[in-house]
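Asker: Here you go, run10.csv (CSV, C-alpha atoms and all ligand atoms):
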```csv
chain,number,residue,atom,x,y,z
A,1,MET,CA,-109.6,30.4,8.8
A,2,THR,CA,-113.0,29.3,10.0
A,3,ASP,CA,-116.3,31.1,9.2
A,4,ASP,CA,-116.5,32.0,12.8
A,5,LYS,CA,-113.3,34.0,12.5
A,6,ARG,CA,-114.3,35.7,9.3
A,7,GLN,CA,-117.6,36.8,10.9
A,8,SER,CA,-116.0,38.5,13.9
A,9,ALA,CA,-116.9,42.1,14.1
A,10,PRO,CA,-114.1,44.6,13.4
A,11,GLY,CA,-112.9,45.9,16.7
A,12,GLU,CA,-113.7,42.8,18.6
A,13,SER,CA,-111.1,42.4,21.2
A,14,ALA,CA,-108.4,39.7,21.2
A,15,SER,CA,-108.5,37.1,23.9
A,16,LEU,CA,-105.1,36.2,25.1
A,17,ASP,CA,-103.3,33.4,26.9
A,18,TRP,CA,-99.9,33.8,28.4
A,19,ILE,CA,-97.0,31.3,28.0
A,20,ASP,CA,-94.7,31.2,31.0
A,21,ALA,CA,-96.8,34.0,32.4
A,22,SER,CA,-95.2,36.5,30.0
A,23,ILE,CA,-95.4,35.7,26.3
A,24,PRO,CA,-98.8,36.6,24.7
A,25,TYR,CA,-100.4,33.8,22.8
A,26,SER,CA,-103.6,33.8,20.7
A,27,PRO,CA,-105.8,30.8,21.2
A,28,ARG,CA,-107.8,32.0,18.1
A,29,PHE,CA,-104.7,31.6,15.9
A,30,GLY,CA,-102.7,29.1,17.9
A,31,ASP,CA,-99.6,31.3,17.7
A,32,THR,CA,-97.5,33.7,19.8
A,33,TYR,CA,-97.5,37.5,19.2
A,34,TYR,CA,-93.7,37.4,19.1
A,35,SER,CA,-90.8,35.0,19.4
A,36,LYS,CA,-90.3,33.1,22.6
A,37,ALA,CA,-86.6,33.6,22.0
A,38,GLY,CA,-87.0,37.4,22.4
A,39,GLY,CA,-89.5,39.8,20.9
A,40,LEU,CA,-87.4,42.9,20.8
A,41,ALA,CA,-84.4,41.1,19.2
A,42,GLU,CA,-86.8,39.5,16.7
A,43,THR,CA,-88.1,42.9,15.7
A,44,ASP,CA,-84.6,44.2,15.3
A,45,HIS,CA,-83.5,41.2,13.2
A,46,VAL,CA,-86.6,40.4,11.1
A,47,PHE,CA,-88.3,43.8,10.5
A,48,ILE,CA,-85.7,46.6,11.1
A,49,ALA,CA,-82.6,44.9,9.7
A,50,GLY,CA,-84.7,42.9,7.3
A,51,ASN,CA,-85.8,46.1,5.6
A,52,SER,CA,-82.2,47.5,5.9
A,53,LEU,CA,-83.6,50.5,7.8
A,54,PRO,CA,-80.5,51.3,9.9
A,55,ALA,CA,-78.6,51.8,6.6
A,56,ARG,CA,-81.5,53.7,4.9
A,57,TRP,CA,-82.7,56.0,7.7
A,58,PRO,CA,-79.7,58.4,7.9
A,59,ALA,CA,-80.5,59.5,4.4
A,60,MET,CA,-84.3,59.8,4.8
A,61,ARG,CA,-86.2,63.0,5.7
A,62,GLU,CA,-89.4,61.0,6.1
A,63,CYS,CA,-90.3,57.3,6.3
A,64,THR,CA,-93.6,55.5,6.1
A,65,ILE,CA,-93.7,52.0,7.6
A,66,GLY,CA,-96.6,49.7,6.9
A,67,GLU,CA,-97.5,46.7,9.0
A,68,LEU,CA,-100.0,43.9,8.9
A,69,GLY,CA,-100.9,43.0,12.5
A,70,PHE,CA,-100.4,45.7,15.2
A,71,GLY,CA,-100.7,43.2,18.0
A,72,THR,CA,-99.0,44.4,21.2
A,73,GLY,CA,-97.4,47.4,19.4
A,74,LEU,CA,-93.9,45.9,20.0
A,75,ASN,CA,-92.8,46.4,16.4
A,76,PHE,CA,-94.0,50.0,16.5
A,77,LEU,CA,-92.2,50.8,19.8
A,78,VAL,CA,-88.9,49.2,18.7
A,79,THR,CA,-89.2,51.1,15.5
A,80,VAL,CA,-89.7,54.4,17.3
A,81,TYR,CA,-86.8,53.6,19.6
A,82,ARG,CA,-84.4,52.8,16.8
A,83,TRP,CA,-85.6,55.7,14.7
A,84,ARG,CA,-84.8,58.1,17.5
A,85,GLU,CA,-81.3,56.6,17.7
A,86,ILE,CA,-80.6,56.7,13.9
A,87,ALA,CA,-82.8,59.1,12.0
A,88,PRO,CA,-81.6,62.7,11.2
A,89,PRO,CA,-83.0,65.4,13.6
A,90,GLY,CA,-86.5,66.5,12.5
A,91,ALA,CA,-87.1,63.6,10.1
A,92,LYS,CA,-90.7,62.3,10.1
A,93,LEU,CA,-91.8,58.7,10.8
A,94,HIS,CA,-95.3,57.6,9.9
A,95,PHE,CA,-96.2,54.1,11.1
A,96,VAL,CA,-99.4,52.7,9.5
A,97,SER,CA,-100.7,49.4,10.8
A,98,PHE,CA,-103.8,47.2,10.6
A,99,GLU,CA,-105.4,45.2,13.4
A,100,LEU,CA,-108.6,43.1,13.4
A,101,TYR,CA,-108.5,42.0,17.1
A,102,PRO,CA,-107.1,44.9,19.2
A,103,LEU,CA,-105.7,44.1,22.6
A,104,ALA,CA,-107.0,45.8,25.7
A,105,PRO,CA,-104.5,48.5,27.0
A,106,ALA,CA,-103.7,46.4,30.1
A,107,GLU,CA,-102.8,43.4,28.0
A,108,MET,CA,-100.6,45.5,25.8
A,109,THR,CA,-98.9,47.0,28.8
A,110,LYS,CA,-98.3,43.5,30.2
A,111,ALA,CA,-96.9,42.2,26.9
A,112,LEU,CA,-94.5,45.1,26.7
A,113,SER,CA,-93.4,45.2,30.3
A,114,ARG,CA,-90.4,42.9,29.9
A,115,TRP,CA,-88.3,45.6,28.1
A,116,PRO,CA,-87.5,48.5,30.5
A,117,GLU,CA,-86.0,50.6,27.7
A,118,LEU,CA,-89.5,50.7,26.1
A,119,ASN,CA,-91.4,51.5,29.3
A,120,THR,CA,-92.0,55.2,28.6
A,121,LEU,CA,-93.1,54.5,25.0
A,122,ALA,CA,-95.3,51.7,26.1
A,123,GLN,CA,-97.0,53.9,28.7
A,124,GLN,CA,-97.6,56.5,26.0
A,125,LEU,CA,-99.1,53.9,23.7
A,126,ALA,CA,-101.4,52.5,26.4
A,127,GLU,CA,-102.7,56.0,27.2
A,128,ALA,CA,-103.4,56.7,23.5
A,129,TRP,CA,-104.8,53.3,22.6
A,130,ARG,CA,-108.5,53.1,21.8
A,131,PRO,CA,-109.4,49.6,20.8
A,132,GLU,CA,-112.6,50.6,19.0
A,133,PRO,CA,-113.6,50.2,15.4
A,134,GLU,CA,-112.4,52.6,12.7
A,135,THR,CA,-109.1,54.5,12.9
A,136,LEU,CA,-106.6,55.4,15.6
A,137,ASN,CA,-104.4,58.3,14.7
A,138,VAL,CA,-101.9,59.6,17.2
A,139,ALA,CA,-99.0,62.1,17.1
A,140,PHE,CA,-96.6,60.3,19.3
A,141,ASP,CA,-94.3,63.3,19.2
A,142,ALA,CA,-93.5,66.1,16.8
A,143,ASN,CA,-91.8,63.6,14.4
A,144,VAL,CA,-93.7,60.4,14.9
A,145,GLU,CA,-97.3,59.6,13.8
A,146,LEU,CA,-99.1,56.4,14.4
A,147,THR,CA,-102.1,55.3,12.4
A,148,VAL,CA,-103.9,52.0,13.1
A,149,PHE,CA,-106.8,50.9,10.9
A,150,LEU,CA,-108.9,48.7,13.1
A,151,GLY,CA,-110.6,46.0,11.1
A,152,ASP,CA,-109.7,43.3,8.5
A,153,ALA,CA,-106.7,44.4,6.5
A,154,ASN,CA,-108.1,42.5,3.5
A,155,ALA,CA,-111.0,45.0,3.3
A,156,LEU,CA,-109.2,48.1,4.7
A,157,LEU,CA,-105.8,48.1,2.8
A,158,PRO,CA,-107.3,48.6,-0.7
A,159,ARG,CA,-109.4,51.5,0.7
A,160,HIS,CA,-106.5,53.6,1.9
A,161,GLU,CA,-104.1,55.3,-0.5
A,162,PHE,CA,-100.6,55.4,0.9
A,163,GLU,CA,-97.3,54.0,-0.1
A,164,ALA,CA,-94.8,52.6,2.4
A,165,ASP,CA,-91.0,52.7,2.3
A,166,ALA,CA,-91.0,49.4,4.2
A,167,TRP,CA,-93.5,46.8,5.2
A,168,TYR,CA,-93.6,44.5,8.2
A,169,LEU,CA,-95.6,41.4,7.3
A,170,ASP,CA,-96.5,40.1,10.8
A,171,GLY,CA,-99.9,38.4,10.7
A,172,PHE,CA,-99.0,35.2,12.5
A,173,ALA,CA,-97.7,32.1,10.7
A,174,PRO,CA,-99.2,31.7,7.2
A,175,SER,CA,-100.5,28.2,8.1
A,176,ARG,CA,-102.3,29.7,11.2
A,177,ASN,CA,-103.7,32.8,9.4
A,178,PRO,CA,-103.8,32.2,5.6
A,179,GLN,CA,-106.2,35.1,5.3
A,180,LEU,CA,-103.4,37.6,5.9
A,181,TRP,CA,-101.0,35.9,3.4
A,182,SER,CA,-103.3,35.5,0.3
A,183,ALA,CA,-102.0,36.4,-3.2
A,184,ARG,CA,-104.6,39.2,-3.2
A,185,ILE,CA,-103.3,40.9,-0.1
A,186,LEU,CA,-99.7,40.5,-1.0
A,187,SER,CA,-100.4,42.1,-4.4
A,188,SER,CA,-102.1,44.9,-2.5
A,189,ILE,CA,-99.0,45.3,-0.4
A,190,PHE,CA,-96.9,45.7,-3.6
A,191,ALA,CA,-99.4,48.4,-4.8
A,192,HIS,CA,-98.9,50.2,-1.5
A,193,THR,CA,-95.1,50.1,-1.7
A,194,LYS,CA,-93.0,53.0,-3.1
A,195,PRO,CA,-90.6,52.2,-5.9
A,196,GLY,CA,-87.4,51.2,-4.1
A,197,GLY,CA,-89.5,50.2,-1.0
A,198,THR,CA,-89.1,46.9,0.8
A,199,PHE,CA,-90.8,44.2,2.9
A,200,ALA,CA,-89.6,41.8,5.5
A,201,THR,CA,-91.2,38.8,7.2
A,202,TYR,CA,-90.1,35.9,9.4
A,203,THR,CA,-91.8,33.3,7.2
A,204,ALA,CA,-90.0,31.6,4.3
A,205,ALA,CA,-93.1,29.7,3.2
A,206,GLY,CA,-92.8,28.8,-0.5
A,207,GLN,CA,-96.2,29.9,-1.4
A,208,VAL,CA,-95.7,33.3,0.2
A,209,ARG,CA,-92.4,33.7,-1.6
A,210,ARG,CA,-93.9,32.8,-4.9
A,211,ASP,CA,-96.9,35.1,-4.4
A,212,LEU,CA,-94.6,38.0,-3.4
A,213,GLN,CA,-92.6,37.4,-6.6
A,214,ALA,CA,-95.8,37.3,-8.7
A,215,ALA,CA,-96.9,40.5,-7.1
A,216,GLY,CA,-93.7,42.2,-8.4
A,217,PHE,CA,-91.1,42.1,-5.6
A,218,SER,CA,-87.6,40.8,-6.1
A,219,VAL,CA,-87.4,38.4,-3.1
A,220,GLU,CA,-84.3,37.3,-1.1
A,221,ARG,CA,-84.0,34.6,1.5
A,222,ARG,CA,-81.9,35.6,4.5
A,223,PRO,CA,-81.0,33.8,7.8
A,224,GLY,CA,-84.0,33.8,10.1
A,225,PHE,CA,-84.2,34.8,13.8
A,226,ALA,CA,-83.0,32.6,16.6
A,227,GLY,CA,-82.0,29.5,14.6
A,228,LYS,CA,-84.7,29.7,12.0
A,229,ARG,CA,-83.0,28.8,8.8
A,230,GLU,CA,-84.6,31.4,6.5
A,231,MET,CA,-86.8,34.5,6.4
A,232,LEU,CA,-87.9,36.6,3.4
A,233,THR,CA,-87.1,40.2,2.4
A,234,GLY,CA,-87.8,41.9,-0.9
A,235,ARG,CA,-87.7,45.1,-2.9
A,236,ARG,CA,-90.0,46.8,-5.3
A,237,SER,CA,-87.7,48.0,-8.0
A,238,ALA,CA,-90.2,50.1,-10.0
B,301,LIG,C1,-98.1,38.1,15.2
B,301,LIG,S1,-99.3,39.2,15.7
B,301,LIG,C2,-98.6,40.8,15.4
B,301,LIG,C3,-97.5,41.2,16.4
B,301,LIG,C4,-97.3,42.7,16.4
B,301,LIG,N1,-96.7,43.2,15.2
B,301,LIG,C5,-96.5,43.1,17.6
B,301,LIG,O1,-95.6,43.9,17.4
B,301,LIG,O2,-96.9,42.7,18.7
B,301,LIG,C6,-100.5,39.2,14.4
B,301,LIG,C7,-101.6,40.2,14.5
B,301,LIG,O3,-102.4,40.2,13.3
B,301,LIG,C8,-103.7,40.4,13.6
B,301,LIG,N2,-104.6,40.0,12.5
B,301,LIG,C9,-104.9,38.7,12.2
B,301,LIG,N3,-105.7,38.7,11.1
B,301,LIG,C10,-105.9,40.0,10.8
B,301,LIG,C11,-106.6,40.6,9.7
B,301,LIG,N4,-107.3,39.9,8.8
B,301,LIG,N5,-106.5,42.0,9.6
B,301,LIG,C12,-105.8,42.7,10.5
B,301,LIG,N6,-105.1,42.1,11.5
B,301,LIG,C13,-105.2,40.8,11.6
B,301,LIG,C14,-103.9,39.6,14.9
B,301,LIG,O4,-105.0,40.0,15.7
B,301,LIG,C15,-102.6,39.9,15.6
B,301,LIG,O5,-102.7,41.0,16.5
```
With the file now loaded, output its structure as structure tokens.
Ligand SMILES: C[S@@+](CC[C@H](N)C(=O)[O-])C[C@H]1O[C@@H](n2cnc3c(N)ncnc32)[C@H](O)[C@@H]1O
Answerer:
Amino acid sequence: MTDDKRQSAPGESASLDWIDASIPYSPRFGDTYYSKAGGLAETDHVFIAGNSLPARWPAMRECTIGELGFGTGLNFLVTVYRWREIAPPGAKLHFVSFELYPLAPAEMTKALSRWPELNTLAQQLAEAWRPEPETLNVAFDANVELTVFLGDANALLPRHEFEADAWYLDGFAPSRNPQLWSARILSSIFAHTKPGGTFATYTAAGQVRRDLQAAGFSVERRPGFAGKREMLTGRRSA
């Protein structure tokens, strides 16, 4: 992370490139927003199955998901889509995310346009999206609330008191964005996880695994998405 990146003002927009005219890529971080092998399938595999949500949701009356890196909103939309398929009627979902470089609504819409099943949700998100500093809070429907804290998660996470049932750690590859994978922020993630709560991430980087263990999680390696050998999941037991 260069000083230049650290000094960017919260709420400053992301600047995007597009790979093959359709996959959003961040020149600032040198990484894509989601897997070239399939963003929706990656969310299902890494974050939703990685947190065992399809098995947990039927028994939950409410669920809070935390996320580092809101990006295009793909993880959020896939989560709402699956939640509506699986969760008991009337159960409440609160999705809490952090984003330092918010996308413009048109970029978000373009990044999400390849999945027709998400079109209605993507349109709703684009209409609600306000890429300005501070906090975005939207009732998506009677049962789904979205909160996005706009700014650096390192500063904002310790300031907000909530506990997640499951975390999506999605801040680009640790080598590209070490700021979002420090021992300090991973320890703060643990402090913002309910007993019995979980995390999932596509990375299997050794330092990240050790820091998550040191924070208090029991960590498991699972097969990664699209040929990646491993990814990490973990649980806070108490
Ligand atoms: C891989 S992308 C997230 C993809 C996203 N979850 C999605 O569904 O499209 C990583 C995101 O982390 C954001 N980010 C990077 N550093 C951050 C920081 N210090 N605080 C908050 N967000 C950050 C980036 O701007 C980017 O949007």
Asker: Could you work out how far CA of Gly30 in chain A lies from CA of Arg114 in chain A, giving the answer in Å with one decimal?
Answerer: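 Between CA of Arg114 in chain A and CA of Gly30 in chain A the gap is 22.0 Å.
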Asker: Sort by chain and increasing residue number a table of all residues of chain A within 7 Å of ligand LIG 301 (chain B), each with its closest pair of atoms and their distance in Å to one decimal, counting only C-alpha atoms and all ligand atoms, and write it as JSON lines.
Answerer:
```
{"residue": "A:Ala14", "atom": "CA", "partner": "B:LIG301", "partner_atom": "O4", "distance": 6.5}
{"residue": "A:Thr32", "atom": "CA", "partner": "B:LIG301", "partner_atom": "C1", "distance": 6.4}
{"residue": "A:Tyr33", "atom": "CA", "partner": "B:LIG301", "partner_atom": "C1", "distance": 4.1}
{"residue": "A:Tyr34", "atom": "CA", "partner": "B:LIG301", "partner_atom": "C1", "distance": 5.9}
{"residue": "A:Leu68", "atom": "CA", "partner": "B:LIG301", "partner_atom": "N6", "distance": 6.0}
{"residue": "A:Gly69", "atom": "CA", "partner": "B:LIG301", "partner_atom": "O3", "distance": 3.3}
{"residue": "A:Phe70", "atom": "CA", "partner": "B:LIG301", "partner_atom": "N1", "distance": 4.5}
{"residue": "A:Gly71", "atom": "CA", "partner": "B:LIG301", "partner_atom": "O5", "distance": 3.3}
{"residue": "A:Thr72", "atom": "CA", "partner": "B:LIG301", "partner_atom": "O2", "distance": 3.7}
{"residue": "A:Gly73", "atom": "CA", "partner": "B:LIG301", "partner_atom": "O1", "distance": 4.4}
{"residue": "A:Leu74", "atom": "CA", "partner": "B:LIG301", "partner_atom": "O1", "distance": 3.7}
{"residue": "A:Asn75", "atom": "CA", "partner": "B:LIG301", "partner_atom": "O1", "distance": 3.9}
{"residue": "A:Phe76", "atom": "CA", "partner": "B:LIG301", "partner_atom": "O1", "distance": 6.4}
{"residue": "A:Phe98", "atom": "CA", "partner": "B:LIG301", "partner_atom": "C12", "distance": 4.9}
{"residue": "A:Glu99", "atom": "CA", "partner": "B:LIG301", "partner_atom": "N6", "distance": 3.6}
{"residue": "A:Leu100", "atom": "CA", "partner": "B:LIG301", "partner_atom": "C12", "distance": 4.1}
{"residue": "A:Tyr101", "atom": "CA", "partner": "B:LIG301", "partner_atom": "O4", "distance": 4.3}
{"residue": "A:Pro102", "atom": "CA", "partner": "B:LIG301", "partner_atom": "O4", "distance": 6.4}
{"residue": "A:Gly151", "atom": "CA", "partner": "B:LIG301", "partner_atom": "C12", "distance": 5.9}
{"residue": "A:Asp152", "atom": "CA", "partner": "B:LIG301", "partner_atom": "N5", "distance": 3.6}
{"residue": "A:Ala153", "atom": "CA", "partner": "B:LIG301", "partner_atom": "N5", "distance": 3.9}
{"residue": "A:Asn154", "atom": "CA", "partner": "B:LIG301", "partner_atom": "N4", "distance": 6.0}
{"residue": "A:Asp170", "atom": "CA", "partner": "B:LIG301", "partner_atom": "C1", "distance": 5.1}
{"residue": "A:Gly171", "atom": "CA", "partner": "B:LIG301", "partner_atom": "C6", "distance": 3.8}
{"residue": "A:Phe172", "atom": "CA", "partner": "B:LIG301", "partner_atom": "C1", "distance": 4.1}
{"residue": "A:Asn177", "atom": "CA", "partner": "B:LIG301", "partner_atom": "N3", "distance": 6.5}
{"residue": "A:Gln179", "atom": "CA", "partner": "B:LIG301", "partner_atom": "N4", "distance": 6.0}
{"residue": "A:Leu180", "atom": "CA", "partner": "B:LIG301", "partner_atom": "N4", "distance": 5.4}
```
Asker: Do you have the CA of Trp167 in chain A-CA of Pro116 in chain A distance handy?
Answerer: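 Distance between the two atoms: 26.1 Å.
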Asker: Ranking A:Trp181, A:Phe47, A:Phe190, A:Trp83 by minimum distance to Thr233 in chain A and counting only C-alpha atoms, which one comes first?
Answerer: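 The shortest atom-to-atom distance to Thr233 in chain A comes from A:Phe47.
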Asker: How far is it from CA of Glu145 in chain A to CA of Lys92 in chain A, in Å with one decimal?
Answerer: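 Computing it gives 8.0 Å between the two atoms.
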Asker: Pick out the closest residue to Arg159 in chain A from this set: A:Ala91, A:Ala205, A:Ala191, A:Leu146. Count only C-alpha atoms.
Answerer: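 Of A:Ala91, A:Ala205, A:Ala191, A:Leu146, the one nearest Arg159 in chain A is A:Ala191, counting only C-alpha atoms.
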Asker: What would the list of residues within 12 Å of (-85.0, 41.4, 7.8) (file frame) look like as a PDB file with C-alpha atoms, in the frame of the given file, if all atoms listed in the file are what count?
Answerer:
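Output contents, as saved in result.pdb:
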```pdb
ATOM      1  CA  ALA A  41     -84.400  41.100  19.200  1.00  0.00           C
ATOM      2  CA  GLU A  42     -86.800  39.500  16.700  1.00  0.00           C
ATOM      3  CA  THR A  43     -88.100  42.900  15.700  1.00  0.00           C
ATOM      4  CA  ASP A  44     -84.600  44.200  15.300  1.00  0.00           C
ATOM      5  CA  HIS A  45     -83.500  41.200  13.200  1.00  0.00           C
ATOM      6  CA  VAL A  46     -86.600  40.400  11.100  1.00  0.00           C
ATOM      7  CA  PHE A  47     -88.300  43.800  10.500  1.00  0.00           C
ATOM      8  CA  ILE A  48     -85.700  46.600  11.100  1.00  0.00           C
ATOM      9  CA  ALA A  49     -82.600  44.900   9.700  1.00  0.00           C
ATOM     10  CA  GLY A  50     -84.700  42.900   7.300  1.00  0.00           C
ATOM     11  CA  ASN A  51     -85.800  46.100   5.600  1.00  0.00           C
ATOM     12  CA  SER A  52     -82.200  47.500   5.900  1.00  0.00           C
ATOM     13  CA  LEU A  53     -83.600  50.500   7.800  1.00  0.00           C
ATOM     14  CA  PRO A  54     -80.500  51.300   9.900  1.00  0.00           C
ATOM     15  CA  ALA A 166     -91.000  49.400   4.200  1.00  0.00           C
ATOM     16  CA  TRP A 167     -93.500  46.800   5.200  1.00  0.00           C
ATOM     17  CA  TYR A 168     -93.600  44.500   8.200  1.00  0.00           C
ATOM     18  CA  LEU A 169     -95.600  41.400   7.300  1.00  0.00           C
ATOM     19  CA  ASP A 170     -96.500  40.100  10.800  1.00  0.00           C
ATOM     20  CA  THR A 198     -89.100  46.900   0.800  1.00  0.00           C
ATOM     21  CA  PHE A 199     -90.800  44.200   2.900  1.00  0.00           C
ATOM     22  CA  ALA A 200     -89.600  41.800   5.500  1.00  0.00           C
ATOM     23  CA  THR A 201     -91.200  38.800   7.200  1.00  0.00           C
ATOM     24  CA  TYR A 202     -90.100  35.900   9.400  1.00  0.00           C
ATOM     25  CA  THR A 203     -91.800  33.300   7.200  1.00  0.00           C
ATOM     26  CA  ALA A 204     -90.000  31.600   4.300  1.00  0.00           C
ATOM     27  CA  VAL A 219     -87.400  38.400  -3.100  1.00  0.00           C
ATOM     28  CA  GLU A 220     -84.300  37.300  -1.100  1.00  0.00           C
ATOM     29  CA  ARG A 221     -84.000  34.600   1.500  1.00  0.00           C
ATOM     30  CA  ARG A 222     -81.900  35.600   4.500  1.00  0.00           C
ATOM     31  CA  PRO A 223     -81.000  33.800   7.800  1.00  0.00           C
ATOM     32  CA  GLY A 224     -84.000  33.800  10.100  1.00  0.00           C
ATOM     33  CA  PHE A 225     -84.200  34.800  13.800  1.00  0.00           C
ATOM     34  CA  GLU A 230     -84.600  31.400   6.500  1.00  0.00           C
ATOM     35  CA  MET A 231     -86.800  34.500   6.400  1.00  0.00           C
ATOM     36  CA  LEU A 232     -87.900  36.600   3.400  1.00  0.00           C
ATOM     37  CA  THR A 233     -87.100  40.200   2.400  1.00  0.00           C
ATOM     38  CA  GLY A 234     -87.800  41.900  -0.900  1.00  0.00           C
ATOM     39  CA  ARG A 235     -87.700  45.100  -2.900  1.00  0.00           C
TER      40      ARG A 235
END
```
Asker: Got a sec: who's within 12 Å of Ala128 in chain A, counting only C-alpha atoms, leaving out chain neighbours fewer than 2 positions off, as a PyMOL selection string?
Answerer: chain A and resi 73+104-105+108-109+121-126+130-132+136-140+145-148
Asker: Go ahead and find all residues with at least one atom no further than 9 Å from (-89.3, 51.6, -1.5) in the file's coordinates, using only C-alpha atoms; report them as an mmCIF file with C-alpha atoms, in the frame of the given file.
Answerer:
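Below is the file result.cif, written as the result:
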```
data_model
loop_
_atom_site.group_PDB
_atom_site.id
_atom_site.type_symbol
_atom_site.label_atom_id
_atom_site.label_comp_id
_atom_site.auth_asym_id
_atom_site.auth_seq_id
_atom_site.Cartn_x
_atom_site.Cartn_y
_atom_site.Cartn_z
ATOM 1 C CA GLU A 163 -97.300 54.000 -0.100
ATOM 2 C CA ALA A 164 -94.800 52.600 2.400
ATOM 3 C CA ASP A 165 -91.000 52.700 2.300
ATOM 4 C CA ALA A 166 -91.000 49.400 4.200
ATOM 5 C CA THR A 193 -95.100 50.100 -1.700
ATOM 6 C CA LYS A 194 -93.000 53.000 -3.100
ATOM 7 C CA PRO A 195 -90.600 52.200 -5.900
ATOM 8 C CA GLY A 196 -87.400 51.200 -4.100
ATOM 9 C CA GLY A 197 -89.500 50.200 -1.000
ATOM 10 C CA THR A 198 -89.100 46.900 0.800
ATOM 11 C CA PHE A 199 -90.800 44.200 2.900
ATOM 12 C CA ARG A 235 -87.700 45.100 -2.900
ATOM 13 C CA ARG A 236 -90.000 46.800 -5.300
ATOM 14 C CA SER A 237 -87.700 48.000 -8.000
ATOM 15 C CA ALA A 238 -90.200 50.100 -10.000
#
```
Asker: Which neighbours of Leu16 in chain A fall inside 7 Å, counting all atoms listed in the file, when residues of the same chain fewer than 3 positions from it are skipped, and could you give them as number ranges by chain?
Answerer: A: 24-27
Asker: Using only C-alpha atoms, can you tell me which of A:Tyr81, A:Phe217, A:Trp129, A:Phe162 comes closest to Thr64 in chain A?
Answerer: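 Of all the options, A:Phe162 lies closest to Thr64 in chain A.
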Asker: Using the incomplete input, complete range 73-89 of chain A to the level of N, CA and C atoms; output as a PDB file, in the frame of the given file.
Answerer:
```
ATOM      1  N   GLY A  73     -98.073  46.087  19.711  1.00  0.00           N
ATOM      2  CA  GLY A  73     -97.400  47.400  19.400  1.00  0.00           C
ATOM      3  C   GLY A  73     -95.887  47.270  19.568  1.00  0.00           C
ATOM      4  N   LEU A  74     -95.367  46.067  19.842  1.00  0.00           N
ATOM      5  CA  LEU A  74     -93.900  45.900  20.000  1.00  0.00           C
ATOM      6  C   LEU A  74     -93.130  46.405  18.811  1.00  0.00           C
ATOM      7  N   ASN A  75     -93.519  45.981  17.627  1.00  0.00           N
ATOM      8  CA  ASN A  75     -92.800  46.400  16.400  1.00  0.00           C
ATOM      9  C   ASN A  75     -92.772  47.934  16.308  1.00  0.00           C
ATOM     10  N   PHE A  76     -93.919  48.534  16.599  1.00  0.00           N
ATOM     11  CA  PHE A  76     -94.000  50.000  16.500  1.00  0.00           C
ATOM     12  C   PHE A  76     -93.042  50.643  17.503  1.00  0.00           C
ATOM     13  N   LEU A  77     -93.074  50.174  18.743  1.00  0.00           N
ATOM     14  CA  LEU A  77     -92.200  50.800  19.800  1.00  0.00           C
ATOM     15  C   LEU A  77     -90.753  50.636  19.485  1.00  0.00           C
ATOM     16  N   VAL A  78     -90.370  49.443  19.046  1.00  0.00           N
ATOM     17  CA  VAL A  78     -88.900  49.200  18.700  1.00  0.00           C
ATOM     18  C   VAL A  78     -88.545  50.103  17.563  1.00  0.00           C
ATOM     19  N   THR A  79     -89.456  50.257  16.609  1.00  0.00           N
ATOM     20  CA  THR A  79     -89.200  51.100  15.500  1.00  0.00           C
ATOM     21  C   THR A  79     -88.949  52.560  15.888  1.00  0.00           C
ATOM     22  N   VAL A  80     -89.826  53.056  16.773  1.00  0.00           N
ATOM     23  CA  VAL A  80     -89.700  54.400  17.300  1.00  0.00           C
ATOM     24  C   VAL A  80     -88.338  54.561  18.023  1.00  0.00           C
ATOM     25  N   TYR A  81     -88.048  53.571  18.851  1.00  0.00           N
ATOM     26  CA  TYR A  81     -86.800  53.600  19.600  1.00  0.00           C
ATOM     27  C   TYR A  81     -85.576  53.649  18.741  1.00  0.00           C
ATOM     28  N   ARG A  82     -85.530  52.806  17.730  1.00  0.00           N
ATOM     29  CA  ARG A  82     -84.400  52.800  16.800  1.00  0.00           C
ATOM     30  C   ARG A  82     -84.360  54.047  15.925  1.00  0.00           C
ATOM     31  N   TRP A  83     -85.550  54.474  15.512  1.00  0.00           N
ATOM     32  CA  TRP A  83     -85.600  55.700  14.700  1.00  0.00           C
ATOM     33  C   TRP A  83     -85.024  56.879  15.439  1.00  0.00           C
ATOM     34  N   ARG A  84     -85.328  56.988  16.722  1.00  0.00           N
ATOM     35  CA  ARG A  84     -84.800  58.100  17.500  1.00  0.00           C
ATOM     36  C   ARG A  84     -83.262  58.000  17.617  1.00  0.00           C
ATOM     37  N   GLU A  85     -82.728  56.789  17.589  1.00  0.00           N
ATOM     38  CA  GLU A  85     -81.300  56.600  17.700  1.00  0.00           C
ATOM     39  C   GLU A  85     -80.593  56.987  16.350  1.00  0.00           C
ATOM     40  N   ILE A  86     -81.282  56.696  15.225  1.00  0.00           N
ATOM     41  CA  ILE A  86     -80.600  56.700  13.900  1.00  0.00           C
ATOM     42  C   ILE A  86     -81.013  57.850  12.998  1.00  0.00           C
ATOM     43  N   ALA A  87     -82.288  58.215  13.002  1.00  0.00           N
ATOM     44  CA  ALA A  87     -82.800  59.100  12.000  1.00  0.00           C
ATOM     45  C   ALA A  87     -82.231  60.546  12.162  1.00  0.00           C
ATOM     46  N   PRO A  88     -82.112  61.311  11.080  1.00  0.00           N
ATOM     47  CA  PRO A  88     -81.600  62.700  11.200  1.00  0.00           C
ATOM     48  C   PRO A  88     -82.625  63.526  12.033  1.00  0.00           C
ATOM     49  N   PRO A  89     -82.136  64.531  12.756  1.00  0.00           N
ATOM     50  CA  PRO A  89     -83.000  65.400  13.600  1.00  0.00           C
ATOM     51  C   PRO A  89     -84.131  65.969  12.681  1.00  0.00           C
TER      52      PRO A  89
END
```
